[in-house]
$ cat input21.tsv   # TSV, C-alpha atoms
chain	number	residue	atom	x	y	z
A	16	MET	CA	-9.30	40.03	29.70
A	17	PRO	CA	-8.18	39.46	33.33
A	18	LEU	CA	-5.67	36.71	33.93
A	19	THR	CA	-7.97	34.20	35.55
A	20	PHE	CA	-7.29	30.48	35.73
A	21	ARG	CA	-9.82	29.98	32.92
A	22	SER	CA	-8.16	32.49	30.57
A	23	LEU	CA	-4.74	30.99	31.26
A	24	PHE	CA	-6.13	27.53	30.66
A	25	VAL	CA	-7.72	28.59	27.35
A	26	ARG	CA	-4.56	30.41	26.23
A	27	TYR	CA	-2.16	27.55	27.02
A	28	THR	CA	-4.53	24.88	25.79
A	29	PHE	CA	-4.73	26.76	22.50
A	30	PHE	CA	-0.92	27.10	22.41
A	31	PHE	CA	-0.28	23.42	23.14
A	32	THR	CA	-3.08	22.24	20.84
A	33	ASN	CA	-1.46	24.18	18.04
A	34	LEU	CA	1.90	22.66	18.88
A	35	ILE	CA	0.39	19.17	18.90
A	36	ASP	CA	-1.36	19.92	15.59
A	37	LEU	CA	1.94	21.06	14.12
A	38	GLU	CA	3.61	17.88	15.35
A	39	VAL	CA	0.81	15.77	13.87
A	40	ILE	CA	1.07	17.60	10.54
A	41	MET	CA	4.87	17.10	10.51
A	42	GLU	CA	4.47	13.38	11.25
A	43	ALA	CA	1.81	13.00	8.55
A	44	ALA	CA	4.02	14.82	6.09
A	45	ASN	CA	6.92	12.54	6.99
A	46	TRP	CA	4.75	9.47	6.59
A	47	GLU	CA	3.40	10.58	3.22
A	48	THR	CA	6.83	11.68	2.03
A	49	ARG	CA	8.20	8.28	3.04
A	50	ASN	CA	5.47	6.53	1.06
A	51	VAL	CA	6.12	8.62	-2.04
A	52	ARG	CA	9.88	8.05	-1.69
A	53	ASN	CA	9.34	4.28	-1.36
A	54	SER	CA	7.09	4.23	-4.44
A	55	ILE	CA	9.69	6.12	-6.49
A	56	ARG	CA	12.38	3.70	-5.29
A	57	VAL	CA	10.30	0.69	-6.39
A	58	VAL	CA	9.71	2.25	-9.83
A	59	CYS	CA	13.43	3.08	-10.27
A	60	TRP	CA	14.59	-0.42	-9.25
A	61	CYS	CA	11.94	-1.98	-11.50
A	62	LEU	CA	13.11	0.13	-14.45
A	63	ALA	CA	16.76	-0.74	-13.76
A	64	TRP	CA	15.88	-4.44	-13.58
A	65	MET	CA	13.93	-4.28	-16.86
A	66	VAL	CA	16.66	-2.32	-18.67
A	67	THR	CA	19.42	-4.74	-17.58
A	68	MET	CA	17.25	-7.73	-18.52
A	69	VAL	CA	16.54	-6.33	-21.99
A	70	LEU	CA	20.21	-5.40	-22.48
A	71	VAL	CA	21.41	-8.88	-21.48
A	72	ASN	CA	18.84	-10.60	-23.71
A	73	LYS	CA	19.42	-8.35	-26.74
A	74	ALA	CA	23.20	-8.60	-26.34
A	75	GLU	CA	22.95	-12.37	-26.61
A	76	LEU	CA	20.35	-12.27	-29.39
A	77	TYR	CA	22.21	-9.83	-31.65
A	78	GLY	CA	25.70	-10.99	-30.67
A	79	TRP	CA	26.96	-7.64	-29.34
A	80	HIS	CA	29.80	-9.56	-27.73
A	81	SER	CA	31.20	-13.08	-27.96
A	82	SER	CA	32.40	-13.48	-24.39
A	83	THR	CA	30.59	-15.87	-22.04
A	84	THR	CA	32.06	-13.99	-19.07
A	85	VAL	CA	30.28	-10.79	-20.15
A	86	SER	CA	27.00	-12.70	-20.49
A	87	VAL	CA	27.35	-14.26	-17.04
A	88	ALA	CA	28.34	-10.88	-15.56
A	89	GLY	CA	25.28	-9.28	-17.19
A	90	ILE	CA	23.00	-11.98	-15.79
A	91	ALA	CA	24.61	-11.60	-12.34
A	92	VAL	CA	24.07	-7.83	-12.41
A	93	ASN	CA	20.45	-8.38	-13.48
A	94	ALA	CA	19.94	-10.90	-10.64
A	95	LEU	CA	21.51	-8.51	-8.11
A	96	ILE	CA	19.24	-5.69	-9.22
A	97	GLY	CA	16.32	-8.15	-9.03
A	98	GLY	CA	17.29	-8.92	-5.42
A	99	GLY	CA	17.43	-5.20	-4.67
A	100	LEU	CA	14.00	-4.77	-6.24
A	101	ILE	CA	12.56	-7.46	-3.95
A	102	VAL	CA	14.09	-5.83	-0.85
A	103	VAL	CA	12.83	-2.37	-1.85
A	104	PHE	CA	9.36	-3.78	-2.58
A	105	ILE	CA	9.20	-5.53	0.81
A	106	ARG	CA	10.14	-2.24	2.49
A	107	PHE	CA	7.51	-0.42	0.43
A	108	LEU	CA	4.86	-2.98	1.51
A	109	ARG	CA	5.89	-2.82	5.18
A	110	GLU	CA	5.67	0.97	5.36
A	111	LEU	CA	2.35	1.14	3.54
A	112	ASP	CA	-0.84	2.08	5.26
A	113	GLU	CA	-2.68	-1.11	6.32
A	114	LEU	CA	-5.64	-0.64	3.94
A	115	HIS	CA	-3.31	-0.04	1.00
A	116	ARG	CA	-1.20	-3.03	2.05
A	117	LYS	CA	-4.33	-5.21	2.03
A	118	ILE	CA	-5.27	-3.92	-1.44
A	119	GLN	CA	-1.70	-4.58	-2.69
A	120	MET	CA	-1.64	-8.10	-1.21
A	121	ASP	CA	-5.08	-8.97	-2.65
A	122	THR	CA	-3.99	-7.72	-6.08
A	123	LEU	CA	-0.68	-9.61	-5.88
A	124	ALA	CA	-2.53	-12.82	-4.97
A	125	LEU	CA	-4.90	-12.38	-7.92
A	126	VAL	CA	-2.06	-11.60	-10.34
A	127	LEU	CA	-0.09	-14.62	-9.10
A	128	ARG	CA	-3.08	-16.90	-9.81
A	129	LEU	CA	-3.63	-15.33	-13.25
A	130	VAL	CA	0.05	-15.67	-14.19
A	131	LEU	CA	0.11	-19.26	-12.93
A	132	VAL	CA	-3.00	-20.31	-14.88
A	133	GLY	CA	-1.90	-18.36	-17.98
A	134	GLY	CA	1.64	-19.73	-17.79
A	135	VAL	CA	0.55	-23.35	-17.36
A	136	ASN	CA	-1.92	-23.03	-20.24
A	137	TYR	CA	0.72	-21.47	-22.45
A	138	SER	CA	3.29	-24.16	-21.68
A	139	ARG	CA	0.69	-26.86	-22.40
A	140	LEU	CA	-0.03	-25.19	-25.76
A	141	GLU	CA	3.70	-25.06	-26.48
A	142	THR	CA	3.93	-28.79	-25.78
A	143	ALA	CA	0.78	-29.72	-27.71
A	144	LYS	CA	1.58	-27.41	-30.68
A	145	PRO	CA	-1.94	-27.45	-32.09
A	146	PRO	CA	-2.43	-26.21	-35.67
A	147	ARG	CA	-3.57	-22.59	-35.58
A	148	SER	CA	-6.72	-23.28	-37.61
A	149	ARG	CA	-7.93	-25.64	-34.87
A	150	LEU	CA	-7.56	-23.09	-32.09
A	151	PRO	CA	-10.72	-21.91	-30.36
A	152	THR	CA	-12.04	-18.70	-31.87
A	153	SER	CA	-13.72	-17.24	-28.81
A	154	PRO	CA	-12.24	-13.80	-28.04
A	155	TRP	CA	-12.37	-14.64	-24.33
A	156	SER	CA	-10.24	-17.73	-24.66
A	157	ASN	CA	-6.69	-17.27	-23.38
A	158	CYS	CA	-5.56	-19.72	-26.09
A	159	THR	CA	-6.69	-17.26	-28.75
A	160	LEU	CA	-5.01	-14.39	-26.93
A	161	ILE	CA	-1.71	-16.04	-26.05
A	162	TRP	CA	-0.93	-18.40	-28.93
A	163	PRO	CA	-0.53	-15.80	-31.74
A	164	VAL	CA	1.90	-13.91	-29.52
B	23	MET	CA	-17.71	-4.35	12.45
B	24	LYS	CA	-19.74	-1.41	13.70
B	25	ASN	CA	-17.88	1.49	15.28
B	26	ARG	CA	-18.38	4.94	16.82
B	27	LEU	CA	-15.44	6.55	15.05
B	28	LYS	CA	-17.52	9.07	13.14
B	29	VAL	CA	-19.38	10.17	16.28
B	30	LEU	CA	-16.19	10.49	18.33
B	31	ARG	CA	-14.53	12.41	15.53
B	32	ALA	CA	-17.50	14.75	15.18
B	33	GLU	CA	-17.51	15.39	18.96
B	34	ARG	CA	-13.96	16.69	18.69
B	35	ASP	CA	-14.69	18.55	15.46
B	36	TRP	CA	-11.92	16.72	13.61
B	37	THR	CA	-11.86	16.04	9.90
B	38	GLN	CA	-11.01	12.63	8.51
B	39	ALA	CA	-7.65	14.05	7.49
B	40	ASP	CA	-6.95	15.19	11.09
B	41	LEU	CA	-7.77	11.75	12.44
B	42	ALA	CA	-5.76	10.06	9.70
B	43	ALA	CA	-2.76	12.23	10.55
B	44	ALA	CA	-3.05	11.44	14.24
B	45	LEU	CA	-3.29	7.71	13.54
B	46	GLU	CA	-0.56	7.80	10.85
B	47	VAL	CA	-2.81	6.20	8.26
B	48	SER	CA	-4.32	7.51	5.04
B	49	ARG	CA	-7.61	9.38	4.92
B	50	GLN	CA	-9.01	6.57	2.79
B	51	THR	CA	-8.37	4.14	5.65
B	52	VAL	CA	-10.27	6.32	8.11
B	53	ASN	CA	-13.11	6.62	5.61
B	54	ALA	CA	-13.18	2.84	5.01
B	55	ILE	CA	-13.25	2.15	8.78
B	56	GLU	CA	-16.03	4.68	9.35
B	57	LYS	CA	-18.10	3.18	6.56
B	58	GLU	CA	-17.48	-0.29	8.03
B	59	LYS	CA	-15.86	-1.51	4.83
B	60	PHE	CA	-12.56	-2.27	6.52
B	61	ASP	CA	-11.77	-3.61	9.99
B	62	PRO	CA	-8.61	-2.11	11.49
B	63	SER	CA	-5.79	-4.26	12.82
B	64	LEU	CA	-5.43	-4.70	16.58
B	65	PRO	CA	-2.52	-2.20	16.86
B	66	LEU	CA	-4.52	0.41	14.97
B	67	ALA	CA	-7.61	-0.27	17.10
B	68	PHE	CA	-5.47	0.24	20.24
B	69	LYS	CA	-4.12	3.45	18.75
B	70	VAL	CA	-7.68	4.70	18.12
B	71	ALA	CA	-8.69	3.77	21.67
B	72	ARG	CA	-5.65	5.57	23.11
B	73	LEU	CA	-6.35	8.65	21.02
B	74	PHE	CA	-9.98	8.90	22.16
B	75	GLY	CA	-9.21	7.79	25.72
B	76	SER	CA	-11.70	4.93	25.61
B	77	ALA	CA	-11.64	1.17	25.66
B	78	ILE	CA	-11.56	-0.66	22.33
B	79	GLU	CA	-14.95	-2.27	22.99
B	80	ASP	CA	-16.49	1.17	23.55
B	81	ILE	CA	-15.44	2.24	20.06
B	82	PHE	CA	-15.70	-0.98	18.07
B	83	ILE	CA	-18.84	-3.02	18.53
B	84	ASP	CA	-18.79	-6.71	17.72
B	85	GLU	CA	-21.97	-7.42	15.76
B	86	ALA	CA	-22.01	-11.05	16.85
B	87	SER	CA	-22.33	-10.14	20.54
B	88	SER	CA	-24.83	-7.28	20.08
$ encode --input "input21.tsv" --output "structure tokens"
Amino acid sequence: MPLTFRSLFVRYTFFFTNLIDLEVIMEAANWETRNVRNSIRVVCWCLAWMVTMVLVNKAELYGWHSSTTVSVAGIAVNALIGGGLIVVFIRFLRELDELHRKIQMDTLALVLRLVLVGGVNYSRLETAKPPRSRLPTSPWSNCTLIWPV
Amino acid sequence: MKNRLKVLRAERDWTQADLAAALEVSRQTVNAIEKEKFDPSLPLAFKVARLFGSAIEDIFIDEASS
């Protein structure tokens, strides 16, 4: 093939297109890797927060120690890890793809409402302390689901 | 919102994954935009316009004005 302007153009366009493709693939890989890394971070912080919370609660419940300082220190560590979890989750949300962020935010809003309604109902039941035989029997009623627990 | 994303992508013989990689979004997002289930944010719309070398209004069509 003679070295005409057209052949040079085709050859270099192909070369640069491949380079651009490679760059795009690298960026996509970085973006996806970052997302996976953020998700793993959120899961790890969540686990750490849960483990410290359970340890602090069980230590007090079963009297593993008698020192108030240890209890306060445990609660402080749990709160610090909770703060870290919030920061990591905010970072995770910020770096998410915008469709996934919308899905996450919609789900969080729904869960917040459910927890609020469930929590208020539960606290009202705690205050009212109705006899169990008088509780509604519908399987769909949150009273039936929450009260025995 | 209607858009010409699928047509523009087909003209360049790109897959959804190629476009998603170029826009730094997930393939699901590209699919949702093409199927008009999700409207992109303004920065993403500008990014799409820049990528295809067109104006935003040439790619995304406001149904209220058409």
$ interface_residues --input "input21.tsv" --of "chain B" --to "chain A" --cutoff "9 Å" --atoms "all atoms listed in the file" --output "list in words"
Asp40, Ala42, Ala43, Ala44, Leu45, Glu46, Val47, Ser48, Gln50, Thr51, Ala54, Phe60, Pro62, Ser63 and Leu66 of chain B
$ atom_distance --input "input21.tsv" --atom1 "atom CA of Val103 of chain A" --atom2 "atom CA of Arg56 of chain A"
7.0 Å
$ closest_residue --input "input21.tsv" --among "A:Asn53, A:Asn136, A:Asn72, A:Thr142" --to "Phe104 of chain A" --atoms "all atoms listed in the file"
A:Asn53
$ residues_around --input "input21.tsv" --residues "segment 70-74 of chain B" --least-positions-apart "4" --cutoff "9 Å" --atoms "only C-alpha atoms" --output "list in words"
Leu27, Leu30, Arg31, Ala44, Leu45, Pro65, Leu66, Ile78, Glu79, Asp80 and Ile81 of chain B
$ decode --input "input21.tsv" --residues "segment 53-71 of chain B" --atoms "N, CA and C atoms" --output "mmCIF file, in the first residue's frame"
data_model
loop_
_atom_site.group_PDB
_atom_site.id
_atom_site.type_symbol
_atom_site.label_atom_id
_atom_site.label_comp_id
_atom_site.auth_asym_id
_atom_site.auth_seq_id
_atom_site.Cartn_x
_atom_site.Cartn_y
_atom_site.Cartn_z
ATOM 1 N N ASN B 53 -28.181 2.460 29.479
ATOM 2 C CA ASN B 53 -29.388 1.735 29.072
ATOM 3 C C ASN B 53 -30.651 2.465 29.542
ATOM 4 N N ALA B 54 -30.640 2.920 30.803
ATOM 5 C CA ALA B 54 -31.810 3.620 31.356
ATOM 6 C C ALA B 54 -32.069 4.934 30.621
ATOM 7 N N ILE B 55 -30.983 5.645 30.242
ATOM 8 C CA ILE B 55 -31.151 6.911 29.510
ATOM 9 C C ILE B 55 -31.708 6.630 28.114
ATOM 10 N N GLU B 56 -31.143 5.613 27.457
ATOM 11 C CA GLU B 56 -31.619 5.277 26.106
ATOM 12 C C GLU B 56 -33.089 4.875 26.103
ATOM 13 N N LYS B 57 -33.497 4.162 27.135
ATOM 14 C CA LYS B 57 -34.888 3.710 27.203
ATOM 15 C C LYS B 57 -35.810 4.769 27.810
ATOM 16 N N GLU B 58 -35.246 5.952 28.050
ATOM 17 C CA GLU B 58 -35.990 7.108 28.578
ATOM 18 C C GLU B 58 -36.610 6.836 29.942
ATOM 19 N N LYS B 59 -35.944 5.993 30.723
ATOM 20 C CA LYS B 59 -36.417 5.713 32.076
ATOM 21 C C LYS B 59 -35.731 6.616 33.086
ATOM 22 N N PHE B 60 -34.639 7.230 32.664
ATOM 23 C CA PHE B 60 -33.853 8.063 33.569
ATOM 24 C C PHE B 60 -33.319 9.276 32.810
ATOM 25 N N ASP B 61 -33.523 10.447 33.388
ATOM 26 C CA ASP B 61 -33.000 11.673 32.771
ATOM 27 C C ASP B 61 -31.641 11.991 33.379
ATOM 28 N N PRO B 62 -30.630 12.190 32.533
ATOM 29 C CA PRO B 62 -29.290 12.453 33.092
ATOM 30 C C PRO B 62 -29.208 13.832 33.736
ATOM 31 N N SER B 63 -28.235 13.993 34.610
ATOM 32 C CA SER B 63 -28.003 15.300 35.227
ATOM 33 C C SER B 63 -27.420 16.245 34.170
ATOM 34 N N LEU B 64 -27.406 17.526 34.476
ATOM 35 C CA LEU B 64 -26.878 18.509 33.522
ATOM 36 C C LEU B 64 -25.395 18.250 33.199
ATOM 37 N N PRO B 65 -24.541 17.981 34.213
ATOM 38 C CA PRO B 65 -23.128 17.690 33.865
ATOM 39 C C PRO B 65 -22.983 16.484 32.941
ATOM 40 N N LEU B 66 -23.800 15.451 33.187
ATOM 41 C CA LEU B 66 -23.700 14.262 32.326
ATOM 42 C C LEU B 66 -24.213 14.574 30.919
ATOM 43 N N ALA B 67 -25.269 15.376 30.837
ATOM 44 C CA ALA B 67 -25.803 15.765 29.526
ATOM 45 C C ALA B 67 -24.750 16.563 28.742
ATOM 46 N N PHE B 68 -24.031 17.449 29.442
ATOM 47 C CA PHE B 68 -22.958 18.219 28.787
ATOM 48 C C PHE B 68 -21.844 17.279 28.317
ATOM 49 N N LYS B 69 -21.557 16.289 29.142
ATOM 50 C CA LYS B 69 -20.508 15.328 28.798
ATOM 51 C C LYS B 69 -20.887 14.561 27.526
ATOM 52 N N VAL B 70 -22.172 14.162 27.458
ATOM 53 C CA VAL B 70 -22.674 13.441 26.282
ATOM 54 C C VAL B 70 -22.555 14.336 25.052
ATOM 55 N N ALA B 71 -22.976 15.597 25.219
ATOM 56 C CA ALA B 71 -22.936 16.541 24.097
ATOM 57 C C ALA B 71 -21.504 16.751 23.608
#
